[in-house]
$ cat start21.pdb   # PDB, C-alpha atoms and all ligand atoms
ATOM      1  CA  MET Q   1       0.000   0.000   0.000  1.00  0.00           C
ATOM      2  CA  PRO Q   2       1.542   3.342  -1.007  1.00  0.00           C
ATOM      3  CA  LEU Q   3       2.209   5.680   1.879  1.00  0.00           C
ATOM      4  CA  PRO Q   4       2.260   9.451   1.495  1.00  0.00           C
ATOM      5  CA  ILE Q   5       5.674  11.098   1.642  1.00  0.00           C
ATOM      6  CA  ALA Q   6       6.054  13.941   4.119  1.00  0.00           C
ATOM      7  CA  GLY Q   7       5.542  17.208   2.325  1.00  0.00           C
ATOM      8  CA  GLY Q   8       4.265  15.167  -0.642  1.00  0.00           C
ATOM      9  CA  MET Q   9       6.062  16.249  -3.797  1.00  0.00           C
ATOM     10  CA  SER Q  10       3.897  15.392  -6.786  1.00  0.00           C
ATOM     11  CA  GLY Q  11       4.466  11.884  -8.070  1.00  0.00           C
ATOM     12  CA  GLU Q  12       6.089  10.515  -4.948  1.00  0.00           C
ATOM     13  CA  ASN Q  13       2.703   9.979  -3.316  1.00  0.00           C
ATOM     14  CA  THR Q  14       1.960   7.158  -5.686  1.00  0.00           C
ATOM     15  CA  MET Q  15       5.334   5.416  -5.417  1.00  0.00           C
ATOM     16  CA  ASN Q  16       5.302   2.036  -3.710  1.00  0.00           C
ATOM     17  CA  ALA Q  17       8.030   0.636  -1.493  1.00  0.00           C
ATOM     18  CA  ALA Q  18       9.947  -0.975  -4.344  1.00  0.00           C
ATOM     19  CA  ASP Q  19       9.829   2.286  -6.366  1.00  0.00           C
ATOM     20  CA  ARG Q  20      11.128   4.292  -3.431  1.00  0.00           C
ATOM     21  CA  LEU Q  21      13.900   1.780  -2.835  1.00  0.00           C
ATOM     22  CA  ALA Q  22      14.917   1.994  -6.487  1.00  0.00           C
ATOM     23  CA  ASP Q  23      14.810   5.800  -6.335  1.00  0.00           C
ATOM     24  CA  VAL Q  24      16.972   6.068  -3.212  1.00  0.00           C
ATOM     25  CA  THR Q  25      19.413   3.474  -4.567  1.00  0.00           C
ATOM     26  CA  ALA Q  26      19.730   5.407  -7.841  1.00  0.00           C
ATOM     27  CA  ARG Q  27      20.313   8.672  -5.970  1.00  0.00           C
ATOM     28  CA  ILE Q  28      23.075   7.047  -3.932  1.00  0.00           C
ATOM     29  CA  ALA Q  29      24.768   5.889  -7.147  1.00  0.00           C
ATOM     30  CA  THR Q  30      24.411   9.341  -8.710  1.00  0.00           C
ATOM     31  CA  ALA Q  31      25.996  10.973  -5.662  1.00  0.00           C
ATOM     32  CA  ALA Q  32      28.803   8.413  -5.418  1.00  0.00           C
ATOM     33  CA  ARG Q  33      30.190   8.538  -8.968  1.00  0.00           C
ATOM     34  CA  PRO Q  34      31.319  12.206  -9.217  1.00  0.00           C
ATOM     35  CA  ALA Q  35      33.018  11.744  -5.847  1.00  0.00           C
ATOM     36  CA  GLY Q  36      35.022   8.894  -7.343  1.00  0.00           C
ATOM     37  CA  ARG Q  37      33.243   6.353  -5.212  1.00  0.00           C
ATOM     38  CA  LYS Q  38      31.585   3.087  -6.133  1.00  0.00           C
ATOM     39  CA  PRO Q  39      27.836   2.840  -5.405  1.00  0.00           C
ATOM     40  CA  GLU Q  40      28.378  -0.619  -3.918  1.00  0.00           C
ATOM     41  CA  ASP Q  41      30.686   0.883  -1.283  1.00  0.00           C
ATOM     42  CA  VAL Q  42      27.626   2.559   0.252  1.00  0.00           C
ATOM     43  CA  THR Q  43      25.228   0.391   2.258  1.00  0.00           C
ATOM     44  CA  LEU Q  44      21.659   1.627   2.510  1.00  0.00           C
ATOM     45  CA  ILE Q  45      20.086   0.953   5.913  1.00  0.00           C
ATOM     46  CA  ALA Q  46      16.288   1.204   5.845  1.00  0.00           C
ATOM     47  CA  ILE Q  47      15.312   2.769   9.163  1.00  0.00           C
ATOM     48  CA  SER Q  48      12.095   0.960  10.024  1.00  0.00           C
ATOM     49  CA  LYS Q  49      11.423   2.418  13.489  1.00  0.00           C
ATOM     50  CA  THR Q  50       7.668   2.852  14.153  1.00  0.00           C
ATOM     51  CA  GLN Q  51       6.861   0.982  10.914  1.00  0.00           C
ATOM     52  CA  ASP Q  52       4.824  -2.179  11.265  1.00  0.00           C
ATOM     53  CA  ALA Q  53       5.531  -5.535   9.639  1.00  0.00           C
ATOM     54  CA  ASP Q  54       3.146  -4.810   6.764  1.00  0.00           C
ATOM     55  CA  ALA Q  55       5.157  -1.738   5.815  1.00  0.00           C
ATOM     56  CA  ILE Q  56       8.519  -3.505   6.125  1.00  0.00           C
ATOM     57  CA  ALA Q  57       7.677  -6.742   4.257  1.00  0.00           C
ATOM     58  CA  PRO Q  58       7.459  -5.100   0.770  1.00  0.00           C
ATOM     59  CA  LEU Q  59      10.994  -3.744   1.176  1.00  0.00           C
ATOM     60  CA  ILE Q  60      12.288  -7.191   2.133  1.00  0.00           C
ATOM     61  CA  ALA Q  61      10.467  -8.590  -0.904  1.00  0.00           C
ATOM     62  CA  ALA Q  62      12.134  -5.920  -3.076  1.00  0.00           C
ATOM     63  CA  GLY Q  63      15.543  -7.122  -1.936  1.00  0.00           C
ATOM     64  CA  GLN Q  64      16.425  -4.740   0.900  1.00  0.00           C
ATOM     65  CA  ARG Q  65      18.440  -6.554   3.585  1.00  0.00           C
ATOM     66  CA  HIS Q  66      19.872  -3.903   5.964  1.00  0.00           C
ATOM     67  CA  PHE Q  67      17.353  -2.463   8.414  1.00  0.00           C
ATOM     68  CA  GLY Q  68      17.719  -0.143  11.399  1.00  0.00           C
ATOM     69  CA  GLU Q  69      15.710   0.318  14.570  1.00  0.00           C
ATOM     70  CA  ASN Q  70      16.166   2.759  17.436  1.00  0.00           C
ATOM     71  CA  ARG Q  71      14.498   0.870  20.300  1.00  0.00           C
ATOM     72  CA  VAL Q  72      15.468  -2.560  21.558  1.00  0.00           C
ATOM     73  CA  GLN Q  73      11.989  -3.519  22.730  1.00  0.00           C
ATOM     74  CA  GLU Q  74      10.276  -2.511  19.513  1.00  0.00           C
ATOM     75  CA  ALA Q  75      12.845  -4.450  17.488  1.00  0.00           C
ATOM     76  CA  GLN Q  76      12.429  -7.528  19.710  1.00  0.00           C
ATOM     77  CA  ALA Q  77       8.704  -7.487  19.010  1.00  0.00           C
ATOM     78  CA  LYS Q  78       9.007  -7.075  15.218  1.00  0.00           C
ATOM     79  CA  TRP Q  79      12.163  -8.681  13.923  1.00  0.00           C
ATOM     80  CA  PRO Q  80      12.208 -12.365  14.873  1.00  0.00           C
ATOM     81  CA  ALA Q  81       9.197 -12.923  12.572  1.00  0.00           C
ATOM     82  CA  LEU Q  82      10.422 -10.534   9.845  1.00  0.00           C
ATOM     83  CA  ARG Q  83      13.873 -12.133   9.772  1.00  0.00           C
ATOM     84  CA  ALA Q  84      12.230 -15.440   8.894  1.00  0.00           C
ATOM     85  CA  GLN Q  85      10.946 -13.879   5.639  1.00  0.00           C
ATOM     86  CA  ALA Q  86      14.350 -13.855   3.951  1.00  0.00           C
ATOM     87  CA  PRO Q  87      17.920 -14.977   4.546  1.00  0.00           C
ATOM     88  CA  GLY Q  88      20.694 -12.449   5.053  1.00  0.00           C
ATOM     89  CA  ILE Q  89      18.878  -9.739   6.976  1.00  0.00           C
ATOM     90  CA  VAL Q  90      21.256  -7.460   8.886  1.00  0.00           C
ATOM     91  CA  LEU Q  91      19.756  -5.539  11.791  1.00  0.00           C
ATOM     92  CA  HIS Q  92      21.336  -2.252  12.929  1.00  0.00           C
ATOM     93  CA  LEU Q  93      20.681  -0.458  16.214  1.00  0.00           C
ATOM     94  CA  VAL Q  94      20.772   3.290  15.548  1.00  0.00           C
ATOM     95  CA  GLY Q  95      19.254   4.657  18.759  1.00  0.00           C
ATOM     96  CA  GLN Q  96      20.586   5.427  22.205  1.00  0.00           C
ATOM     97  CA  LEU Q  97      21.231   2.258  24.169  1.00  0.00           C
ATOM     98  CA  GLN Q  98      20.803   2.000  27.934  1.00  0.00           C
ATOM     99  CA  SER Q  99      23.477  -0.148  29.537  1.00  0.00           C
ATOM    100  CA  ASN Q 100      20.873  -2.428  31.119  1.00  0.00           C
ATOM    101  CA  LYS Q 101      19.626  -3.302  27.590  1.00  0.00           C
ATOM    102  CA  ALA Q 102      23.086  -4.211  26.283  1.00  0.00           C
ATOM    103  CA  GLU Q 103      22.523  -7.964  26.649  1.00  0.00           C
ATOM    104  CA  ASP Q 104      19.239  -7.858  24.727  1.00  0.00           C
ATOM    105  CA  ALA Q 105      20.796  -5.633  22.071  1.00  0.00           C
ATOM    106  CA  VAL Q 106      23.745  -7.965  21.519  1.00  0.00           C
ATOM    107  CA  ALA Q 107      21.406 -10.956  21.253  1.00  0.00           C
ATOM    108  CA  LEU Q 108      19.169  -9.340  18.609  1.00  0.00           C
ATOM    109  CA  PHE Q 109      21.205  -6.871  16.533  1.00  0.00           C
ATOM    110  CA  ASP Q 110      24.132  -7.361  14.156  1.00  0.00           C
ATOM    111  CA  VAL Q 111      25.641  -3.852  14.220  1.00  0.00           C
ATOM    112  CA  ILE Q 112      25.467  -1.094  16.836  1.00  0.00           C
ATOM    113  CA  HIS Q 113      25.742   2.550  15.738  1.00  0.00           C
ATOM    114  CA  SER Q 114      25.355   4.257  19.129  1.00  0.00           C
ATOM    115  CA  LEU Q 115      28.402   3.414  21.206  1.00  0.00           C
ATOM    116  CA  ASP Q 116      28.923   6.742  22.961  1.00  0.00           C
ATOM    117  CA  ARG Q 117      30.172   6.406  26.543  1.00  0.00           C
ATOM    118  CA  PRO Q 118      32.476   4.398  28.799  1.00  0.00           C
ATOM    119  CA  SER Q 119      29.674   2.699  30.765  1.00  0.00           C
ATOM    120  CA  LEU Q 120      28.207   1.369  27.518  1.00  0.00           C
ATOM    121  CA  VAL Q 121      31.600   0.075  26.363  1.00  0.00           C
ATOM    122  CA  THR Q 122      31.798  -1.892  29.612  1.00  0.00           C
ATOM    123  CA  ALA Q 123      28.250  -3.250  29.283  1.00  0.00           C
ATOM    124  CA  LEU Q 124      28.619  -4.190  25.605  1.00  0.00           C
ATOM    125  CA  GLY Q 125      32.033  -5.763  26.154  1.00  0.00           C
ATOM    126  CA  LYS Q 126      30.572  -7.955  28.882  1.00  0.00           C
ATOM    127  CA  ALA Q 127      27.495  -8.880  26.858  1.00  0.00           C
ATOM    128  CA  MET Q 128      29.538  -9.797  23.760  1.00  0.00           C
ATOM    129  CA  ALA Q 129      31.911 -11.946  25.801  1.00  0.00           C
ATOM    130  CA  ALA Q 130      29.043 -13.686  27.623  1.00  0.00           C
ATOM    131  CA  GLN Q 131      27.229 -14.489  24.353  1.00  0.00           C
ATOM    132  CA  ASP Q 132      30.379 -15.123  22.336  1.00  0.00           C
ATOM    133  CA  ARG Q 133      29.036 -12.654  19.758  1.00  0.00           C
ATOM    134  CA  SER Q 134      31.239  -9.927  18.340  1.00  0.00           C
ATOM    135  CA  LEU Q 135      29.190  -7.057  16.878  1.00  0.00           C
ATOM    136  CA  PRO Q 136      30.807  -4.343  14.771  1.00  0.00           C
ATOM    137  CA  CYS Q 137      30.130  -1.002  16.444  1.00  0.00           C
ATOM    138  CA  PHE Q 138      30.203   2.647  15.457  1.00  0.00           C
ATOM    139  CA  VAL Q 139      31.226   5.291  17.942  1.00  0.00           C
ATOM    140  CA  GLN Q 140      28.512   7.947  17.803  1.00  0.00           C
ATOM    141  CA  VAL Q 141      30.016  11.424  17.871  1.00  0.00           C
ATOM    142  CA  ASN Q 142      28.106  14.478  19.088  1.00  0.00           C
ATOM    143  CA  ILE Q 143      29.436  16.300  16.051  1.00  0.00           C
ATOM    144  CA  GLY Q 144      27.566  19.563  16.654  1.00  0.00           C
ATOM    145  CA  ALA Q 145      28.387  19.656  20.379  1.00  0.00           C
ATOM    146  CA  GLU Q 146      24.655  19.809  21.119  1.00  0.00           C
ATOM    147  CA  GLU Q 147      23.809  19.621  24.785  1.00  0.00           C
ATOM    148  CA  GLN Q 148      20.626  17.562  24.433  1.00  0.00           C
ATOM    149  CA  LYS Q 149      22.026  15.075  21.929  1.00  0.00           C
ATOM    150  CA  GLY Q 150      23.534  11.632  22.407  1.00  0.00           C
ATOM    151  CA  GLY Q 151      27.036  10.909  21.260  1.00  0.00           C
ATOM    152  CA  CYS Q 152      30.565  11.142  22.539  1.00  0.00           C
ATOM    153  CA  ALA Q 153      32.147  14.597  22.724  1.00  0.00           C
ATOM    154  CA  ILE Q 154      34.690  15.090  19.938  1.00  0.00           C
ATOM    155  CA  ALA Q 155      37.545  15.464  22.399  1.00  0.00           C
ATOM    156  CA  ASP Q 156      36.646  12.190  24.134  1.00  0.00           C
ATOM    157  CA  VAL Q 157      36.582  10.012  21.004  1.00  0.00           C
ATOM    158  CA  PRO Q 158      40.218   8.793  21.092  1.00  0.00           C
ATOM    159  CA  ALA Q 159      39.904   7.629  24.707  1.00  0.00           C
ATOM    160  CA  LEU Q 160      36.590   5.885  24.030  1.00  0.00           C
ATOM    161  CA  LEU Q 161      38.110   4.092  21.015  1.00  0.00           C
ATOM    162  CA  GLU Q 162      41.007   2.917  23.146  1.00  0.00           C
ATOM    163  CA  GLN Q 163      38.651   1.644  25.830  1.00  0.00           C
ATOM    164  CA  ALA Q 164      36.561  -0.171  23.209  1.00  0.00           C
ATOM    165  CA  ARG Q 165      39.634  -1.897  21.785  1.00  0.00           C
ATOM    166  CA  ALA Q 166      40.702  -2.948  25.257  1.00  0.00           C
ATOM    167  CA  ALA Q 167      37.220  -4.429  25.761  1.00  0.00           C
ATOM    168  CA  HIS Q 168      37.590  -6.380  22.458  1.00  0.00           C
ATOM    169  CA  ILE Q 169      34.732  -4.489  20.826  1.00  0.00           C
ATOM    170  CA  PRO Q 170      35.329  -4.277  17.075  1.00  0.00           C
ATOM    171  CA  VAL Q 171      34.911  -0.598  16.192  1.00  0.00           C
ATOM    172  CA  ALA Q 172      34.109  -0.256  12.483  1.00  0.00           C
ATOM    173  CA  GLY Q 173      33.893   3.515  12.294  1.00  0.00           C
ATOM    174  CA  LEU Q 174      32.179   6.695  13.393  1.00  0.00           C
ATOM    175  CA  MET Q 175      28.520   7.733  13.282  1.00  0.00           C
ATOM    176  CA  CYS Q 176      26.821  11.111  13.628  1.00  0.00           C
ATOM    177  CA  VAL Q 177      23.476  12.891  13.496  1.00  0.00           C
ATOM    178  CA  PRO Q 178      24.284  16.526  12.632  1.00  0.00           C
ATOM    179  CA  PRO Q 179      22.291  19.446  14.063  1.00  0.00           C
ATOM    180  CA  ALA Q 180      18.858  19.844  12.470  1.00  0.00           C
ATOM    181  CA  ASP Q 181      17.989  22.702  10.107  1.00  0.00           C
ATOM    182  CA  VAL Q 182      21.526  23.690   9.178  1.00  0.00           C
ATOM    183  CA  GLU Q 183      23.757  22.577   6.305  1.00  0.00           C
ATOM    184  CA  ALA Q 184      25.046  19.098   7.200  1.00  0.00           C
ATOM    185  CA  ALA Q 185      28.075  19.011   4.880  1.00  0.00           C
ATOM    186  CA  PRO Q 186      30.620  20.603   7.272  1.00  0.00           C
ATOM    187  CA  TYR Q 187      29.651  18.096   9.977  1.00  0.00           C
ATOM    188  CA  PHE Q 188      29.963  15.149   7.598  1.00  0.00           C
ATOM    189  CA  ALA Q 189      33.361  16.420   6.463  1.00  0.00           C
ATOM    190  CA  LEU Q 190      34.497  16.741  10.074  1.00  0.00           C
ATOM    191  CA  LEU Q 191      33.356  13.200  10.918  1.00  0.00           C
ATOM    192  CA  ALA Q 192      35.205  11.878   7.849  1.00  0.00           C
ATOM    193  CA  LYS Q 193      38.375  13.679   8.925  1.00  0.00           C
ATOM    194  CA  MET Q 194      38.119  12.258  12.445  1.00  0.00           C
ATOM    195  CA  ALA Q 195      37.672   8.728  11.076  1.00  0.00           C
ATOM    196  CA  ARG Q 196      40.729   9.108   8.823  1.00  0.00           C
ATOM    197  CA  GLU Q 197      42.813  10.340  11.746  1.00  0.00           C
ATOM    198  CA  GLN Q 198      41.749   7.337  13.804  1.00  0.00           C
ATOM    199  CA  GLY Q 199      42.369   4.864  10.991  1.00  0.00           C
ATOM    200  CA  LEU Q 200      38.694   3.907  10.788  1.00  0.00           C
ATOM    201  CA  SER Q 201      37.239   3.040   7.379  1.00  0.00           C
ATOM    202  CA  GLU Q 202      33.470   3.157   7.951  1.00  0.00           C
ATOM    203  CA  LEU Q 203      31.231   6.220   8.236  1.00  0.00           C
ATOM    204  CA  SER Q 204      27.558   6.005   9.261  1.00  0.00           C
ATOM    205  CA  MET Q 205      26.063   9.350   8.233  1.00  0.00           C
ATOM    206  CA  GLY Q 206      23.209  10.746   6.178  1.00  0.00           C
ATOM    207  CA  MET Q 207      19.428  10.505   6.637  1.00  0.00           C
ATOM    208  CA  SER Q 208      16.483  11.163   4.290  1.00  0.00           C
ATOM    209  CA  GLY Q 209      17.201  14.886   3.986  1.00  0.00           C
ATOM    210  CA  ASP Q 210      20.935  14.700   3.426  1.00  0.00           C
ATOM    211  CA  TYR Q 211      22.092  11.214   2.426  1.00  0.00           C
ATOM    212  CA  GLU Q 212      23.294  12.313  -1.010  1.00  0.00           C
ATOM    213  CA  THR Q 213      25.526  14.935   0.598  1.00  0.00           C
ATOM    214  CA  ALA Q 214      26.780  12.303   3.034  1.00  0.00           C
ATOM    215  CA  VAL Q 215      27.635   9.924   0.172  1.00  0.00           C
ATOM    216  CA  MET Q 216      29.623  12.645  -1.612  1.00  0.00           C
ATOM    217  CA  LEU Q 217      31.570  13.170   1.596  1.00  0.00           C
ATOM    218  CA  GLY Q 218      32.403   9.527   2.194  1.00  0.00           C
ATOM    219  CA  ALA Q 219      29.475   7.822   3.957  1.00  0.00           C
ATOM    220  CA  THR Q 220      29.732   4.039   3.769  1.00  0.00           C
ATOM    221  CA  TYR Q 221      26.389   3.550   5.571  1.00  0.00           C
ATOM    222  CA  VAL Q 222      23.403   5.847   5.102  1.00  0.00           C
ATOM    223  CA  ARG Q 223      20.383   5.583   7.416  1.00  0.00           C
ATOM    224  CA  VAL Q 224      17.192   6.375   5.512  1.00  0.00           C
ATOM    225  CA  GLY Q 225      13.682   6.151   6.959  1.00  0.00           C
ATOM    226  CA  THR Q 226      11.157   8.669   5.670  1.00  0.00           C
ATOM    227  CA  ALA Q 227      12.322   8.571   2.037  1.00  0.00           C
ATOM    228  CA  LEU Q 228      11.667   4.812   1.961  1.00  0.00           C
ATOM    229  CA  PHE Q 229       8.593   4.429   4.169  1.00  0.00           C
ATOM    230  CA  GLY Q 230       6.883   7.818   4.057  1.00  0.00           C
ATOM    231  CA  ALA Q 231       6.342  10.010   7.092  1.00  0.00           C
ATOM    232  CA  ARG Q 232       6.302   8.308  10.502  1.00  0.00           C
ATOM    233  CA  SER Q 233       2.939   8.565  12.235  1.00  0.00           C
TER     234      SER Q 233
HETATM  235  C1  LIG Q 301      15.116   8.060  12.555  1.00  0.00           C
HETATM  236  C2  LIG Q 301      16.565   8.002  12.295  1.00  0.00           C
HETATM  237  C3  LIG Q 301      17.071   7.998  10.987  1.00  0.00           C
HETATM  238  C4  LIG Q 301      16.204   8.091   9.745  1.00  0.00           C
HETATM  239  O1  LIG Q 301      15.629   9.371   9.652  1.00  0.00           O
HETATM  240  P1  LIG Q 301      14.816   9.832   8.333  1.00  0.00           P
HETATM  241  O2  LIG Q 301      14.918  11.312   8.373  1.00  0.00           O
HETATM  242  O3  LIG Q 301      13.436   9.326   8.497  1.00  0.00           O
HETATM  243  O4  LIG Q 301      15.495   9.250   7.175  1.00  0.00           O
HETATM  244  C5  LIG Q 301      18.442   7.904  10.828  1.00  0.00           C
HETATM  245  N1  LIG Q 301      19.276   7.834  11.880  1.00  0.00           N
HETATM  246  C6  LIG Q 301      18.832   7.832  13.155  1.00  0.00           C
HETATM  247  C7  LIG Q 301      19.810   7.749  14.271  1.00  0.00           C
HETATM  248  C8  LIG Q 301      17.464   7.932  13.400  1.00  0.00           C
HETATM  249  O5  LIG Q 301      17.034   7.947  14.666  1.00  0.00           O
END
$ encode --input "start21.pdb" --output "structure tokens"
Amino acid sequence: MPLPIAGGMSGENTMNAADRLADVTARIATAARPAGRKPEDVTLIAISKTQDADAIAPLIAAGQRHFGENRVQEAQAKWPALRAQAPGIVLHLVGQLQSNKAEDAVALFDVIHSLDRPSLVTALGKAMAAQDRSLPCFVQVNIGAEEQKGGCAIADVPALLEQARAAHIPVAGLMCVPPADVEAAPYFALLAKMAREQGLSELSMGMSGDYETAVMLGATYVRVGTALFGARS
């Protein structure tokens, strides 16, 4: 069933899930090429938070395999059944994680994008060791130094990375959510520079409003919700 896109540009209202997936995938390729990047070096994560199984299933049927959720409990309720619909589904946690949910998160997810503080490194390290599961993680950086936002302060990133390595947590790269309503490009460029300096190859950045910019600036994972599913209710 087609869902309306927020702000509804003409035409997009009638696109179904497969059309939207094809559109976003094509836009990623278009943004990657002039930057000298290969489209296949960018992984599209469909952010399915608040979407029910009926909205997610058509994307799985259209071939999408990477999905992201921001709440452990919601994902626990939805994903065991959805995973059974196709092999190769990769589930990403993109929301703030409380330390007391680390065990559940490690059991359910495949990648964690919100590693942002020492207490969480400790909890995740313990949970991974206990379950003998090693999940690639992204250190989330509070790139705009916003008081209310999650993420590690820029100055604290090297120490957090060192602690994560000591805890045998495989850190794949850095993740950010730039400040809303301002140009995101300088923040993406800063995150890319930080990752280079730390010898990290993966960058999780870019959402529905700015994923093409993020791809031009080196994103290897983009996290797209609204542009694939329509507006969240
Ligand atoms: C919701 C969310 C997204 C997707 O946002 P859209 O604007 O709907 O694409 C991406 N990343 C994080 C961390 C989110 O919470």
$ axis_aligned_box --input "start21.pdb" --around "range 29-45 of chain Q" --padding-each-side "8 Å" --output "JSON"
{"center_x": 27.6, "center_y": 5.8, "center_z": -1.7, "size_x": 30.9, "size_y": 28.8, "size_z": 31.1}
$ residues_around --input "start21.pdb" --residues "Phe109 in chain Q" --least-positions-apart "4" --cutoff "6 Å" --atoms "all atoms listed in the file" --output "number ranges by chain"
Q: 91-92, 105
$ resolve_selection --input "start21.pdb" --expression "the PyMOL selection byres (((chain Q and resi 199) around 12) and not hetatm)" --output "PyMOL selection string"
chain Q and resi 158+161+171-174+192-198+200-203
$ residues_near_ligand --input "start21.pdb" --ligand "ligand LIG 301 (chain Q)" --cutoff "7 Å" --atoms "all atoms listed in the file" --output "VMD selection string"
chain Q and resid 47 49 70 94 to 95 177 207 to 209 223 to 227
$ resolve_selection --input "start21.pdb" --expression "the PyMOL selection byres (((chain Q and resi 40) around 12) and not hetatm)" --output "list of chain:residue names"
Q:Thr25, Q:Ala26, Q:Ile28, Q:Ala29, Q:Thr30, Q:Ala31, Q:Ala32, Q:Arg33, Q:Arg37, Q:Lys38, Q:Pro39, Q:Asp41, Q:Val42, Q:Thr43, Q:Leu44, Q:Val215, Q:Ala219, Q:Thr220, Q:Tyr221
$ resolve_selection --input "start21.pdb" --expression "the PyMOL selection byres (((chain Q and resi 88) around 12) and not hetatm)" --output "PyMOL selection string"
chain Q and resi 60+63-67+82-87+89-91+110
$ closest_residue --input "start21.pdb" --among "Q:Glu183, Q:Pro170, Q:Leu115, Q:Ala17" --to "Ala62 in chain Q" --atoms "all atoms listed in the file"
Q:Ala17
$ closest_residue --input "start21.pdb" --among "Q:Cys176, Q:Val106, Q:Met205, Q:Ile56" --to "Ala123 in chain Q" --atoms "only C-alpha atoms"
Q:Val106
$ atom_distance --input "start21.pdb" --atom1 "CA of Ala127 in chain Q" --atom2 "CA of Glu103 in chain Q"
5.1 Å
$ closest_residue --input "start21.pdb" --among "Q:Asp116, Q:Glu74, Q:Asp23, Q:Asp52" --to "Gly150 in chain Q" --atoms "all atoms listed in the file"
Q:Asp116
$ atom_distance --input "start21.pdb" --atom1 "CA of Gln163 in chain Q" --atom2 "CA of Gln98 in chain Q"
18.0 Å
$ closest_residue --input "start21.pdb" --among "Q:Val139, Q:Ala35, Q:Met175, Q:Ala107" --to "Leu160 in chain Q" --atoms "only C-alpha atoms"
Q:Val139
$ atom_distance --input "start21.pdb" --atom1 "CA of Met216 in chain Q" --atom2 "CA of Pro34 in chain Q"
7.8 Å
$ closest_residue --input "start21.pdb" --among "Q:Ser48, Q:Gln140, Q:Gln131, Q:Asn16" --to "Ile112 in chain Q" --atoms "all atoms listed in the file"
Q:Gln140
$ residues_around --input "start21.pdb" --residues "Tyr187 in chain Q" --least-positions-apart "4" --cutoff "8 Å" --atoms "all atoms listed in the file" --output "PyMOL selection string"
chain Q and resi 143-144+178+191
$ residues_around --input "start21.pdb" --residues "Ala153 in chain Q" --least-positions-apart "5" --cutoff "7 Å" --atoms "only C-alpha atoms" --output "number ranges by chain"
Q: 141-142, 145
$ residues_around --input "start21.pdb" --residues "Ala75 in chain Q" --least-positions-apart "3" --cutoff "9 Å" --atoms "all atoms listed in the file" --output "list in words"
Lys49, Gly68, Glu69, Asn70, Arg71, Val72, Lys78, Trp79, Pro80, Leu93, Leu108 and Phe109 of chain Q
$ closest_residue --input "start21.pdb" --among "Q:Gly206, Q:Gly151, Q:Gly125, Q:Pro118" --to "Ala185 in chain Q" --atoms "all atoms listed in the file"
Q:Gly206
